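Shown below: entry_38.cif, with mmCIF, C-alpha atoms.
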data_start
loop_
_atom_site.group_PDB
_atom_site.id
_atom_site.type_symbol
_atom_site.label_atom_id
_atom_site.label_comp_id
_atom_site.auth_asym_id
_atom_site.auth_seq_id
_atom_site.Cartn_x
_atom_site.Cartn_y
_atom_site.Cartn_z
ATOM 1 C CA MET A 819 -105.329 22.692 -119.393
ATOM 2 C CA THR A 820 -106.612 19.183 -118.654
ATOM 3 C CA PHE A 821 -106.833 18.173 -115.018
ATOM 4 C CA ILE A 822 -106.537 14.504 -114.144
ATOM 5 C CA VAL A 823 -108.928 13.371 -111.443
ATOM 6 C CA LYS A 824 -107.284 10.919 -109.066
ATOM 7 C CA PRO A 825 -109.611 8.017 -108.186
ATOM 8 C CA LEU A 826 -110.058 7.454 -104.470
ATOM 9 C CA SER A 827 -108.654 4.288 -102.918
ATOM 10 C CA ILE A 828 -109.365 2.468 -99.666
ATOM 11 C CA ASN A 829 -106.238 4.172 -98.291
ATOM 12 C CA ASP A 830 -107.849 7.550 -98.970
ATOM 13 C CA LEU A 831 -111.008 6.527 -97.094
ATOM 14 C CA THR A 832 -108.960 5.256 -94.151
ATOM 15 C CA ALA A 833 -107.037 8.537 -94.084
ATOM 16 C CA MET A 834 -110.347 10.420 -93.986
ATOM 17 C CA LYS A 835 -111.360 8.474 -90.884
ATOM 18 C CA GLN A 836 -108.010 9.198 -89.264
ATOM 19 C CA ARG A 837 -108.326 12.944 -89.777
ATOM 20 C CA GLY A 838 -112.000 13.049 -88.828
ATOM 21 C CA GLU A 839 -113.409 13.863 -92.264
ATOM 22 C CA LYS A 840 -116.824 12.316 -92.858
ATOM 23 C CA ILE A 841 -117.156 9.945 -95.830
ATOM 24 C CA THR A 842 -120.141 10.370 -98.149
ATOM 25 C CA CYS A 843 -121.721 7.469 -100.016
ATOM 26 C CA LEU A 844 -124.816 6.948 -102.172
ATOM 27 C CA THR A 845 -126.128 3.967 -104.064
ATOM 28 C CA ALA A 846 -125.803 4.040 -107.852
ATOM 29 C CA TYR A 847 -127.095 1.600 -110.429
ATOM 30 C CA ASP A 848 -126.500 3.200 -113.840
ATOM 31 C CA ALA A 849 -124.059 5.386 -115.755
ATOM 32 C CA SER A 850 -126.074 8.614 -115.805
ATOM 33 C CA PHE A 851 -126.691 8.787 -112.065
ATOM 34 C CA GLY A 852 -123.205 7.393 -111.445
ATOM 35 C CA ALA A 853 -121.655 10.256 -113.401
ATOM 36 C CA LEU A 854 -123.799 12.845 -111.599
ATOM 37 C CA ILE A 855 -122.986 11.450 -108.164
ATOM 38 C CA ASP A 856 -119.292 11.269 -109.023
ATOM 39 C CA ARG A 857 -119.240 14.853 -110.351
ATOM 40 C CA THR A 858 -120.880 16.132 -107.172
ATOM 41 C CA GLY A 859 -117.937 14.898 -105.125
ATOM 42 C CA ILE A 860 -119.509 11.946 -103.294
ATOM 43 C CA ASP A 861 -116.649 9.795 -101.977
ATOM 44 C CA MET A 862 -118.169 6.336 -102.494
ATOM 45 C CA MET A 863 -120.773 4.760 -104.732
ATOM 46 C CA LEU A 864 -122.410 1.514 -103.618
ATOM 47 C CA VAL A 865 -123.876 -0.673 -106.332
ATOM 48 C CA GLY A 866 -126.272 -2.267 -103.894
ATOM 49 C CA ASP A 867 -128.459 -5.309 -104.284
ATOM 50 C CA SER A 868 -131.133 -2.805 -103.249
ATOM 51 C CA LEU A 869 -131.469 -2.478 -107.039
ATOM 52 C CA GLY A 870 -133.826 -5.440 -106.730
ATOM 53 C CA MET A 871 -136.306 -3.071 -105.124
ATOM 54 C CA THR A 872 -135.406 0.300 -106.675
ATOM 55 C CA MET A 873 -134.754 -0.854 -110.265
ATOM 56 C CA GLN A 874 -136.503 -4.218 -110.617
ATOM 57 C CA GLY A 875 -139.612 -3.699 -108.502
ATOM 58 C CA HIS A 876 -139.161 -6.633 -106.140
ATOM 59 C CA THR A 877 -140.215 -6.448 -102.500
ATOM 60 C CA THR A 878 -136.845 -7.763 -101.240
ATOM 61 C CA THR A 879 -133.246 -7.995 -102.454
ATOM 62 C CA LEU A 880 -133.365 -11.808 -102.675
ATOM 63 C CA PRO A 881 -134.146 -12.190 -106.422
ATOM 64 C CA VAL A 882 -131.024 -10.243 -107.462
ATOM 65 C CA THR A 883 -128.407 -12.384 -109.215
ATOM 66 C CA ILE A 884 -124.670 -11.985 -109.686
ATOM 67 C CA ARG A 885 -125.368 -11.342 -113.369
ATOM 68 C CA ASP A 886 -127.604 -8.412 -112.391
ATOM 69 C CA MET A 887 -124.897 -7.058 -110.095
ATOM 70 C CA VAL A 888 -122.138 -7.310 -112.714
ATOM 71 C CA TYR A 889 -124.293 -5.504 -115.295
ATOM 72 C CA HIS A 890 -125.147 -2.587 -113.006
ATOM 73 C CA ALA A 891 -121.625 -2.414 -111.573
ATOM 74 C CA ARG A 892 -120.198 -2.145 -115.077
ATOM 75 C CA CYS A 893 -122.589 0.707 -115.886
ATOM 76 C CA VAL A 894 -121.579 2.661 -112.776
ATOM 77 C CA SER A 895 -117.868 1.955 -113.118
ATOM 78 C CA ARG A 896 -117.821 3.297 -116.664
ATOM 79 C CA ALA A 897 -119.030 6.643 -115.321
ATOM 80 C CA ARG A 898 -116.701 6.771 -112.328
ATOM 81 C CA GLN A 899 -113.728 9.100 -112.288
ATOM 82 C CA ARG A 900 -113.124 9.766 -108.589
ATOM 83 C CA ALA A 901 -115.526 7.910 -106.290
ATOM 84 C CA PHE A 902 -114.603 4.574 -104.714
ATOM 85 C CA VAL A 903 -116.984 1.914 -106.055
ATOM 86 C CA VAL A 904 -118.244 -0.987 -103.934
ATOM 87 C CA ALA A 905 -120.677 -3.683 -105.080
ATOM 88 C CA ASP A 906 -122.762 -6.171 -103.134
ATOM 89 C CA LEU A 907 -122.366 -9.902 -103.427
ATOM 90 C CA PRO A 908 -126.064 -10.819 -103.732
ATOM 91 C CA PHE A 909 -128.065 -13.497 -101.953
ATOM 92 C CA MET A 910 -126.516 -16.986 -102.100
ATOM 93 C CA SER A 911 -123.557 -15.823 -104.217
ATOM 94 C CA TYR A 912 -121.112 -16.595 -101.365
ATOM 95 C CA PRO A 913 -122.168 -19.894 -99.766
ATOM 96 C CA CYS A 914 -118.528 -20.981 -99.619
ATOM 97 C CA ALA A 915 -115.137 -19.334 -100.067
ATOM 98 C CA ALA A 916 -114.491 -20.652 -103.578
ATOM 99 C CA THR A 917 -117.871 -19.516 -104.925
ATOM 100 C CA ALA A 918 -117.506 -16.167 -103.173
ATOM 101 C CA ALA A 919 -114.102 -15.640 -104.790
ATOM 102 C CA ALA A 920 -115.404 -16.556 -108.249
ATOM 103 C CA ASN A 921 -118.316 -14.125 -107.971
ATOM 104 C CA ALA A 922 -116.199 -11.384 -106.413
ATOM 105 C CA ALA A 923 -113.790 -11.757 -109.337
ATOM 106 C CA LYS A 924 -116.692 -11.198 -111.750
ATOM 107 C CA LEU A 925 -117.623 -7.984 -109.959
ATOM 108 C CA MET A 926 -114.039 -6.732 -110.093
ATOM 109 C CA GLN A 927 -112.994 -7.954 -113.554
ATOM 110 C CA ALA A 928 -116.212 -7.486 -115.506
ATOM 111 C CA GLY A 929 -117.937 -5.026 -113.191
ATOM 112 C CA GLY A 930 -114.927 -2.800 -112.586
ATOM 113 C CA VAL A 931 -115.496 -2.260 -108.852
ATOM 114 C CA GLN A 932 -112.785 -1.718 -106.239
ATOM 115 C CA MET A 933 -114.380 -3.683 -103.387
ATOM 116 C CA VAL A 934 -117.130 -6.215 -102.689
ATOM 117 C CA LYS A 935 -119.551 -6.183 -99.767
ATOM 118 C CA LEU A 936 -121.104 -9.153 -98.017
ATOM 119 C CA GLU A 937 -123.527 -9.501 -95.126
ATOM 120 C CA GLY A 938 -122.837 -11.058 -91.752
ATOM 121 C CA ALA A 939 -119.758 -12.237 -89.893
ATOM 122 C CA ARG A 940 -118.599 -14.666 -92.592
ATOM 123 C CA LEU A 941 -115.058 -14.618 -91.302
ATOM 124 C CA ASP A 942 -113.739 -17.585 -93.277
ATOM 125 C CA ILE A 943 -114.986 -16.104 -96.524
ATOM 126 C CA VAL A 944 -113.705 -12.608 -95.739
ATOM 127 C CA SER A 945 -110.277 -13.992 -94.873
ATOM 128 C CA PHE A 946 -110.126 -16.096 -98.037
ATOM 129 C CA LEU A 947 -111.161 -13.196 -100.293
ATOM 130 C CA VAL A 948 -108.583 -10.894 -98.734
ATOM 131 C CA GLN A 949 -105.892 -13.537 -99.272
ATOM 132 C CA GLN A 950 -106.783 -13.482 -102.978
ATOM 133 C CA GLY A 951 -106.322 -9.706 -103.139
ATOM 134 C CA ILE A 952 -110.032 -8.875 -103.046
ATOM 135 C CA PRO A 953 -110.910 -5.905 -100.797
ATOM 136 C CA VAL A 954 -113.932 -6.628 -98.611
ATOM 137 C CA CYS A 955 -116.563 -4.473 -96.930
ATOM 138 C CA GLY A 956 -118.494 -6.097 -94.098
ATOM 139 C CA HIS A 957 -122.150 -5.408 -93.305
ATOM 140 C CA LEU A 958 -123.676 -5.814 -89.831
ATOM 141 C CA GLY A 959 -126.878 -4.838 -88.067
ATOM 142 C CA LEU A 960 -129.963 -5.179 -90.228
ATOM 143 C CA LEU A 961 -129.146 -7.715 -92.956
ATOM 144 C CA PRO A 962 -131.652 -7.444 -95.840
ATOM 145 C CA GLN A 963 -130.583 -10.784 -97.327
ATOM 146 C CA HIS A 964 -131.673 -12.406 -94.041
ATOM 147 C CA ILE A 965 -135.146 -10.834 -94.069
ATOM 148 C CA ASN A 966 -136.927 -14.204 -94.004
ATOM 149 C CA GLN A 967 -135.059 -15.061 -90.797
ATOM 150 C CA LEU A 968 -135.454 -11.611 -89.240
ATOM 151 C CA GLY A 969 -139.135 -11.344 -90.123
ATOM 152 C CA SER A 970 -139.102 -7.546 -90.514
ATOM 153 C CA TYR A 971 -136.804 -4.625 -91.245
ATOM 154 C CA ALA A 972 -136.369 -3.808 -87.562
ATOM 155 C CA VAL A 973 -133.579 -2.088 -85.635
ATOM 156 C CA GLN A 974 -130.908 -4.557 -84.525
ATOM 157 C CA GLY A 975 -128.718 -4.529 -81.405
ATOM 158 C CA LYS A 976 -131.173 -2.935 -79.003
ATOM 159 C CA GLU A 977 -130.673 -5.555 -76.289
ATOM 160 C CA PRO A 978 -127.275 -5.713 -74.511
ATOM 161 C CA ALA A 979 -126.498 -9.258 -75.681
ATOM 162 C CA ALA A 980 -127.341 -8.425 -79.294
ATOM 163 C CA ALA A 981 -125.264 -5.237 -79.123
ATOM 164 C CA ASP A 982 -122.298 -7.142 -77.703
ATOM 165 C CA LYS A 983 -122.597 -9.681 -80.536
ATOM 166 C CA ILE A 984 -122.557 -6.974 -83.222
ATOM 167 C CA LEU A 985 -119.519 -5.290 -81.627
ATOM 168 C CA ALA A 986 -117.699 -8.627 -81.386
ATOM 169 C CA ASP A 987 -118.552 -9.417 -85.003
ATOM 170 C CA ALA A 988 -117.262 -6.002 -86.107
ATOM 171 C CA LEU A 989 -113.933 -6.575 -84.397
ATOM 172 C CA SER A 990 -113.729 -10.091 -85.861
ATOM 173 C CA LEU A 991 -114.422 -8.828 -89.380
ATOM 174 C CA GLN A 992 -111.640 -6.281 -89.022
ATOM 175 C CA GLN A 993 -109.318 -9.002 -87.763
ATOM 176 C CA ALA A 994 -110.273 -11.196 -90.741
ATOM 177 C CA GLY A 995 -109.174 -8.435 -93.104
ATOM 178 C CA ALA A 996 -112.279 -6.396 -93.911
ATOM 179 C CA ALA A 997 -111.207 -2.875 -94.836
ATOM 180 C CA LEU A 998 -114.613 -1.206 -94.487
ATOM 181 C CA LEU A 999 -117.805 -1.824 -92.527
ATOM 182 C CA VAL A 1000 -121.431 -0.840 -93.127
ATOM 183 C CA LEU A 1001 -123.695 -0.667 -90.056
ATOM 184 C CA GLU A 1002 -127.406 -0.670 -90.844
ATOM 185 C CA CYS A 1003 -130.238 0.197 -88.444
ATOM 186 C CA VAL A 1004 -128.507 -0.057 -85.085
ATOM 187 C CA PRO A 1005 -128.730 2.272 -82.065
ATOM 188 C CA ALA A 1006 -126.522 5.343 -82.390
ATOM 189 C CA THR A 1007 -124.731 4.538 -79.127
ATOM 190 C CA LEU A 1008 -123.735 1.102 -80.418
ATOM 191 C CA ALA A 1009 -122.525 2.527 -83.741
ATOM 192 C CA LYS A 1010 -120.454 5.118 -81.884
ATOM 193 C CA ALA A 1011 -118.786 2.406 -79.795
ATOM 194 C CA ILE A 1012 -117.990 0.337 -82.879
ATOM 195 C CA ALA A 1013 -116.631 3.255 -84.901
ATOM 196 C CA SER A 1014 -114.402 4.311 -81.998
ATOM 197 C CA GLN A 1015 -112.930 0.823 -81.541
ATOM 198 C CA LEU A 1016 -112.299 -0.025 -85.193
ATOM 199 C CA HIS A 1017 -109.448 1.453 -87.210
ATOM 200 C CA ILE A 1018 -111.278 0.773 -90.483
ATOM 201 C CA PRO A 1019 -113.948 3.238 -91.678
ATOM 202 C CA VAL A 1020 -117.487 2.549 -90.478
ATOM 203 C CA ILE A 1021 -120.276 3.725 -92.779
ATOM 204 C CA GLY A 1022 -123.723 4.068 -91.237
ATOM 205 C CA ILE A 1023 -127.251 3.894 -92.569
ATOM 206 C CA GLY A 1024 -129.710 4.458 -89.767
ATOM 207 C CA ALA A 1025 -126.804 4.224 -87.321
ATOM 208 C CA GLY A 1026 -126.431 7.758 -86.013
ATOM 209 C CA ILE A 1027 -124.035 10.657 -86.477
ATOM 210 C CA ASP A 1028 -120.890 9.135 -84.982
ATOM 211 C CA CYS A 1029 -120.075 6.732 -87.824
ATOM 212 C CA ASP A 1030 -117.145 7.692 -90.048
ATOM 213 C CA GLY A 1031 -119.482 8.205 -92.975
ATOM 214 C CA GLN A 1032 -123.042 7.812 -94.203
ATOM 215 C CA VAL A 1033 -124.783 5.975 -97.026
ATOM 216 C CA LEU A 1034 -128.336 6.287 -98.302
ATOM 217 C CA VAL A 1035 -130.244 4.721 -101.164
ATOM 218 C CA LEU A 1036 -130.342 7.396 -103.872
ATOM 219 C CA GLN A 1037 -134.038 6.966 -104.600
ATOM 220 C CA ASP A 1038 -134.885 7.292 -100.907
ATOM 221 C CA MET A 1039 -133.083 10.591 -100.385
ATOM 222 C CA LEU A 1040 -134.658 11.938 -103.600
ATOM 223 C CA ASN A 1041 -138.073 10.721 -102.347
ATOM 224 C CA ILE A 1042 -138.811 8.869 -105.576
ATOM 225 C CA SER A 1043 -138.774 5.312 -104.267
ATOM 226 C CA GLY A 1044 -142.495 5.168 -103.483
ATOM 227 C CA GLY A 1045 -144.003 3.926 -100.256
ATOM 228 C CA LYS A 1046 -143.134 5.022 -96.752
ATOM 229 C CA ARG A 1047 -139.747 6.708 -96.346
ATOM 230 C CA PRO A 1048 -137.580 5.052 -93.669
ATOM 231 C CA ARG A 1049 -137.045 7.067 -90.493
ATOM 232 C CA PHE A 1050 -133.290 7.353 -91.124
ATOM 233 C CA VAL A 1051 -133.798 9.021 -94.518
ATOM 234 C CA LYS A 1052 -134.135 12.751 -95.163
ATOM 235 C CA ASP A 1053 -135.861 14.040 -98.297
ATOM 236 C CA PHE A 1054 -133.070 16.205 -99.691
ATOM 237 C CA MET A 1055 -135.032 16.868 -102.877
ATOM 238 C CA GLN A 1056 -137.711 18.859 -101.055
ATOM 239 C CA GLU A 1057 -135.511 21.878 -100.398
ATOM 240 C CA ALA A 1058 -132.972 21.514 -103.213
ATOM 241 C CA GLY A 1059 -135.444 21.293 -106.089
ATOM 242 C CA THR A 1060 -133.052 19.493 -108.453
ATOM 243 C CA VAL A 1061 -131.394 16.084 -108.364
ATOM 244 C CA ALA A 1062 -127.912 17.594 -108.528
ATOM 245 C CA GLY A 1063 -128.797 20.075 -105.801
ATOM 246 C CA ALA A 1064 -130.178 17.327 -103.556
ATOM 247 C CA ILE A 1065 -127.048 15.203 -103.935
ATOM 248 C CA LEU A 1066 -124.845 18.198 -103.161
ATOM 249 C CA ALA A 1067 -126.985 19.101 -100.143
ATOM 250 C CA TYR A 1068 -126.626 15.541 -98.823
ATOM 251 C CA HIS A 1069 -122.877 15.597 -99.425
ATOM 252 C CA ASN A 1070 -122.478 18.899 -97.589
ATOM 253 C CA ALA A 1071 -124.768 17.870 -94.712
ATOM 254 C CA VAL A 1072 -122.756 14.722 -94.057
ATOM 255 C CA LYS A 1073 -119.414 16.505 -94.360
ATOM 256 C CA GLN A 1074 -120.536 19.195 -91.931
ATOM 257 C CA GLY A 1075 -122.010 16.740 -89.435
ATOM 258 C CA ALA A 1076 -125.548 18.028 -89.941
ATOM 259 C CA PHE A 1077 -126.903 14.675 -91.146
ATOM 260 C CA PRO A 1078 -128.108 12.426 -89.705
ATOM 261 C CA ALA A 1079 -129.903 14.411 -87.031
ATOM 262 C CA ALA A 1080 -131.536 12.927 -83.948
ATOM 263 C CA GLU A 1081 -134.809 12.314 -85.777
ATOM 264 C CA HIS A 1082 -132.977 10.108 -88.297
ATOM 265 C CA SER A 1083 -131.373 7.951 -85.608
ATOM 266 C CA PHE A 1084 -132.372 5.163 -83.240
#
When written as structure tokens, how does the structure in this file appear?
Amino acid sequence: MTFIVKPLSINDLTAMKQRGEKITCLTAYDASFGALIDRTGIDMMLVGDSLGMTMQGHTTTLPVTIRDMVYHARCVSRARQRAFVVADLPFMSYPCAATAAANAAKLMQAGGVQMVKLEGARLDIVSFLVQQGIPVCGHLGLLPQHINQLGSYAVQGKEPAAADKILADALSLQQAGAALLVLECVPATLAKAIASQLHIPVIGIGAGIDCDGQVLVLQDMLNISGGKRPRFVKDFMQEAGTVAGAILAYHNAVKQGAFPAAEHSF
């Protein structure tokens, strides 16, 4: 008997938030890892512009182009059966609404993804994309595409004014039509407040246990990225011994509320 796997939709992810089930997400950049992640039961795959660092060897995400993103998104989407696939709009691919829509269309039509992600409170662009039928994921906190303005990959929202701004931006993004939000490197207390006030799922990376789900860069959690491992990352490969085992251990740890622990939070 052949069983048909039903692909997850944004409605499924929203329902998971509503019933208190944690959402699991990992980055994916190619078909082989995409298929393995999907088979393991991970709920979301993010084709991140982090591929500039993990796959291309750059020191930032800035050199990544929309052509790069479409290529890697297509590879991952071909392997996907169940997981919800999101892809980043890379640096300077959304300077205005019309350009954002054209590049988002490439990611959906040629790349095969279900949603695009963009950094910052670009409310006019989010609203325009949603009006065109393009699902949008927001991204607040640490914004890697803004690294030359930020100066370092530091925790964001530690001061009351900065925390209030991130919360206000999160609410504004939801109001503009964003259906998902990634919070990166913010204090756990701030992430908890945001997740509790938004009705859309909030996915954390370095944002504590109280987000609706978690995302990590695959190479980081397998400890194969080289360099110093970020504080918010756990080496799941160390105990599991195999790639498949590490991915499953991550999936189970997030679902059970065992990851992230206090030592992975700010």
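Across A:Ile952, A:Met871, A:Ala922, A:Val1033, the tightest approach to A:Phe1050 is made by A:Val1033 when counting all atoms listed in the file.
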Point to revise | Test item: residues at most 8 Å from A:Val888, only C-alpha atoms, excluding those fewer than 6 positions along its chain, as a ChimeraX atom specification | key: /A:924-925,928-929
If you apply the PyMOL selection byres ((chain A and resi 902-906) around 6) to this file, what residues do you get, as a PDB file with C-alpha atoms, in the coordinates of the input?
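Wrote selection-v4.pdb, looks like this:
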ATOM      1  CA  LEU A 826    -110.058   7.454-104.470  1.00  0.00           C
ATOM      2  CA  MET A 862    -118.169   6.336-102.494  1.00  0.00           C
ATOM      3  CA  MET A 863    -120.773   4.760-104.732  1.00  0.00           C
ATOM      4  CA  LEU A 864    -122.410   1.514-103.618  1.00  0.00           C
ATOM      5  CA  VAL A 865    -123.876  -0.673-106.332  1.00  0.00           C
ATOM      6  CA  GLY A 866    -126.272  -2.267-103.894  1.00  0.00           C
ATOM      7  CA  ASP A 867    -128.459  -5.309-104.284  1.00  0.00           C
ATOM      8  CA  ALA A 901    -115.526   7.910-106.290  1.00  0.00           C
ATOM      9  CA  LEU A 907    -122.366  -9.902-103.427  1.00  0.00           C
ATOM     10  CA  PRO A 908    -126.064 -10.819-103.732  1.00  0.00           C
ATOM     11  CA  VAL A 931    -115.496  -2.260-108.852  1.00  0.00           C
ATOM     12  CA  GLN A 932    -112.785  -1.718-106.239  1.00  0.00           C
ATOM     13  CA  MET A 933    -114.380  -3.683-103.387  1.00  0.00           C
ATOM     14  CA  VAL A 934    -117.130  -6.215-102.689  1.00  0.00           C
ATOM     15  CA  LYS A 935    -119.551  -6.183 -99.767  1.00  0.00           C
TER      16      LYS A 935
END
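Of the listed residues A:Gln950, A:Ser1014, A:Gln1037, A:Gln899, the one whose atoms come nearest to A:Ile1065 is A:Gln1037, with distances taken using all atoms listed in the file.
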Practice item. Report as a VMD selection string the full result of the PyMOL selection byres ((chain A and resi 971-984) around 9) when it is applied to this structure. Key: chain A and resid 939 958 to 962 965 968 to 970 985 to 989 1002 to 1005 1008 1012 1024 1084
Reconstruct N, CA and C atoms of stretch 842-861 of chain A from the incomplete input and present them as a PDB file, in the coordinates of the input.
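Output saved as selection_34.pdb:
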ATOM      1  N   THR A 842    -118.796  10.360 -97.570  1.00  0.00           N
ATOM      2  CA  THR A 842    -120.141  10.370 -98.149  1.00  0.00           C
ATOM      3  C   THR A 842    -120.286   9.230 -99.149  1.00  0.00           C
ATOM      4  N   CYS A 843    -121.455   8.593 -99.123  1.00  0.00           N
ATOM      5  CA  CYS A 843    -121.721   7.469-100.016  1.00  0.00           C
ATOM      6  C   CYS A 843    -123.188   7.466-100.413  1.00  0.00           C
ATOM      7  N   LEU A 844    -123.460   7.153-101.674  1.00  0.00           N
ATOM      8  CA  LEU A 844    -124.816   6.948-102.172  1.00  0.00           C
ATOM      9  C   LEU A 844    -124.838   5.693-103.027  1.00  0.00           C
ATOM     10  N   THR A 845    -126.003   5.076-103.132  1.00  0.00           N
ATOM     11  CA  THR A 845    -126.128   3.967-104.064  1.00  0.00           C
ATOM     12  C   THR A 845    -126.192   4.513-105.492  1.00  0.00           C
ATOM     13  N   ALA A 846    -125.731   3.708-106.427  1.00  0.00           N
ATOM     14  CA  ALA A 846    -125.803   4.040-107.852  1.00  0.00           C
ATOM     15  C   ALA A 846    -125.995   2.744-108.612  1.00  0.00           C
ATOM     16  N   TYR A 847    -126.788   2.809-109.677  1.00  0.00           N
ATOM     17  CA  TYR A 847    -127.095   1.600-110.429  1.00  0.00           C
ATOM     18  C   TYR A 847    -126.922   1.764-111.938  1.00  0.00           C
ATOM     19  N   ASP A 848    -126.640   2.980-112.398  1.00  0.00           N
ATOM     20  CA  ASP A 848    -126.500   3.200-113.840  1.00  0.00           C
ATOM     21  C   ASP A 848    -125.469   4.289-114.111  1.00  0.00           C
ATOM     22  N   ALA A 849    -125.130   4.470-115.380  1.00  0.00           N
ATOM     23  CA  ALA A 849    -124.059   5.386-115.755  1.00  0.00           C
ATOM     24  C   ALA A 849    -124.451   6.848-115.567  1.00  0.00           C
ATOM     25  N   SER A 850    -125.688   7.203-115.875  1.00  0.00           N
ATOM     26  CA  SER A 850    -126.074   8.614-115.805  1.00  0.00           C
ATOM     27  C   SER A 850    -126.077   9.122-114.369  1.00  0.00           C
ATOM     28  N   PHE A 851    -126.719   8.391-113.472  1.00  0.00           N
ATOM     29  CA  PHE A 851    -126.691   8.787-112.065  1.00  0.00           C
ATOM     30  C   PHE A 851    -125.288   8.617-111.480  1.00  0.00           C
ATOM     31  N   GLY A 852    -124.572   7.580-111.918  1.00  0.00           N
ATOM     32  CA  GLY A 852    -123.205   7.393-111.445  1.00  0.00           C
ATOM     33  C   GLY A 852    -122.328   8.587-111.768  1.00  0.00           C
ATOM     34  N   ALA A 853    -122.449   9.098-112.993  1.00  0.00           N
ATOM     35  CA  ALA A 853    -121.655  10.256-113.401  1.00  0.00           C
ATOM     36  C   ALA A 853    -122.034  11.496-112.603  1.00  0.00           C
ATOM     37  N   LEU A 854    -123.333  11.680-112.356  1.00  0.00           N
ATOM     38  CA  LEU A 854    -123.799  12.845-111.599  1.00  0.00           C
ATOM     39  C   LEU A 854    -123.320  12.778-110.157  1.00  0.00           C
ATOM     40  N   ILE A 855    -123.448  11.624-109.537  1.00  0.00           N
ATOM     41  CA  ILE A 855    -122.986  11.450-108.164  1.00  0.00           C
ATOM     42  C   ILE A 855    -121.489  11.687-108.074  1.00  0.00           C
ATOM     43  N   ASP A 856    -120.750  11.130-109.007  1.00  0.00           N
ATOM     44  CA  ASP A 856    -119.292  11.269-109.023  1.00  0.00           C
ATOM     45  C   ASP A 856    -118.883  12.729-109.184  1.00  0.00           C
ATOM     46  N   ARG A 857    -119.550  13.438-110.098  1.00  0.00           N
ATOM     47  CA  ARG A 857    -119.240  14.853-110.351  1.00  0.00           C
ATOM     48  C   ARG A 857    -119.510  15.712-109.131  1.00  0.00           C
ATOM     49  N   THR A 858    -120.498  15.343-108.351  1.00  0.00           N
ATOM     50  CA  THR A 858    -120.880  16.132-107.172  1.00  0.00           C
ATOM     51  C   THR A 858    -119.835  16.056-106.073  1.00  0.00           C
ATOM     52  N   GLY A 859    -118.993  15.020-106.117  1.00  0.00           N
ATOM     53  CA  GLY A 859    -117.937  14.898-105.125  1.00  0.00           C
ATOM     54  C   GLY A 859    -118.179  13.847-104.065  1.00  0.00           C
ATOM     55  N   ILE A 860    -119.253  13.053-104.219  1.00  0.00           N
ATOM     56  CA  ILE A 860    -119.509  11.946-103.294  1.00  0.00           C
ATOM     57  C   ILE A 860    -118.295  11.019-103.292  1.00  0.00           C
ATOM     58  N   ASP A 861    -117.886  10.571-102.104  1.00  0.00           N
ATOM     59  CA  ASP A 861    -116.649   9.795-101.977  1.00  0.00           C
ATOM     60  C   ASP A 861    -116.789   8.336-102.408  1.00  0.00           C
TER      61      ASP A 861
END
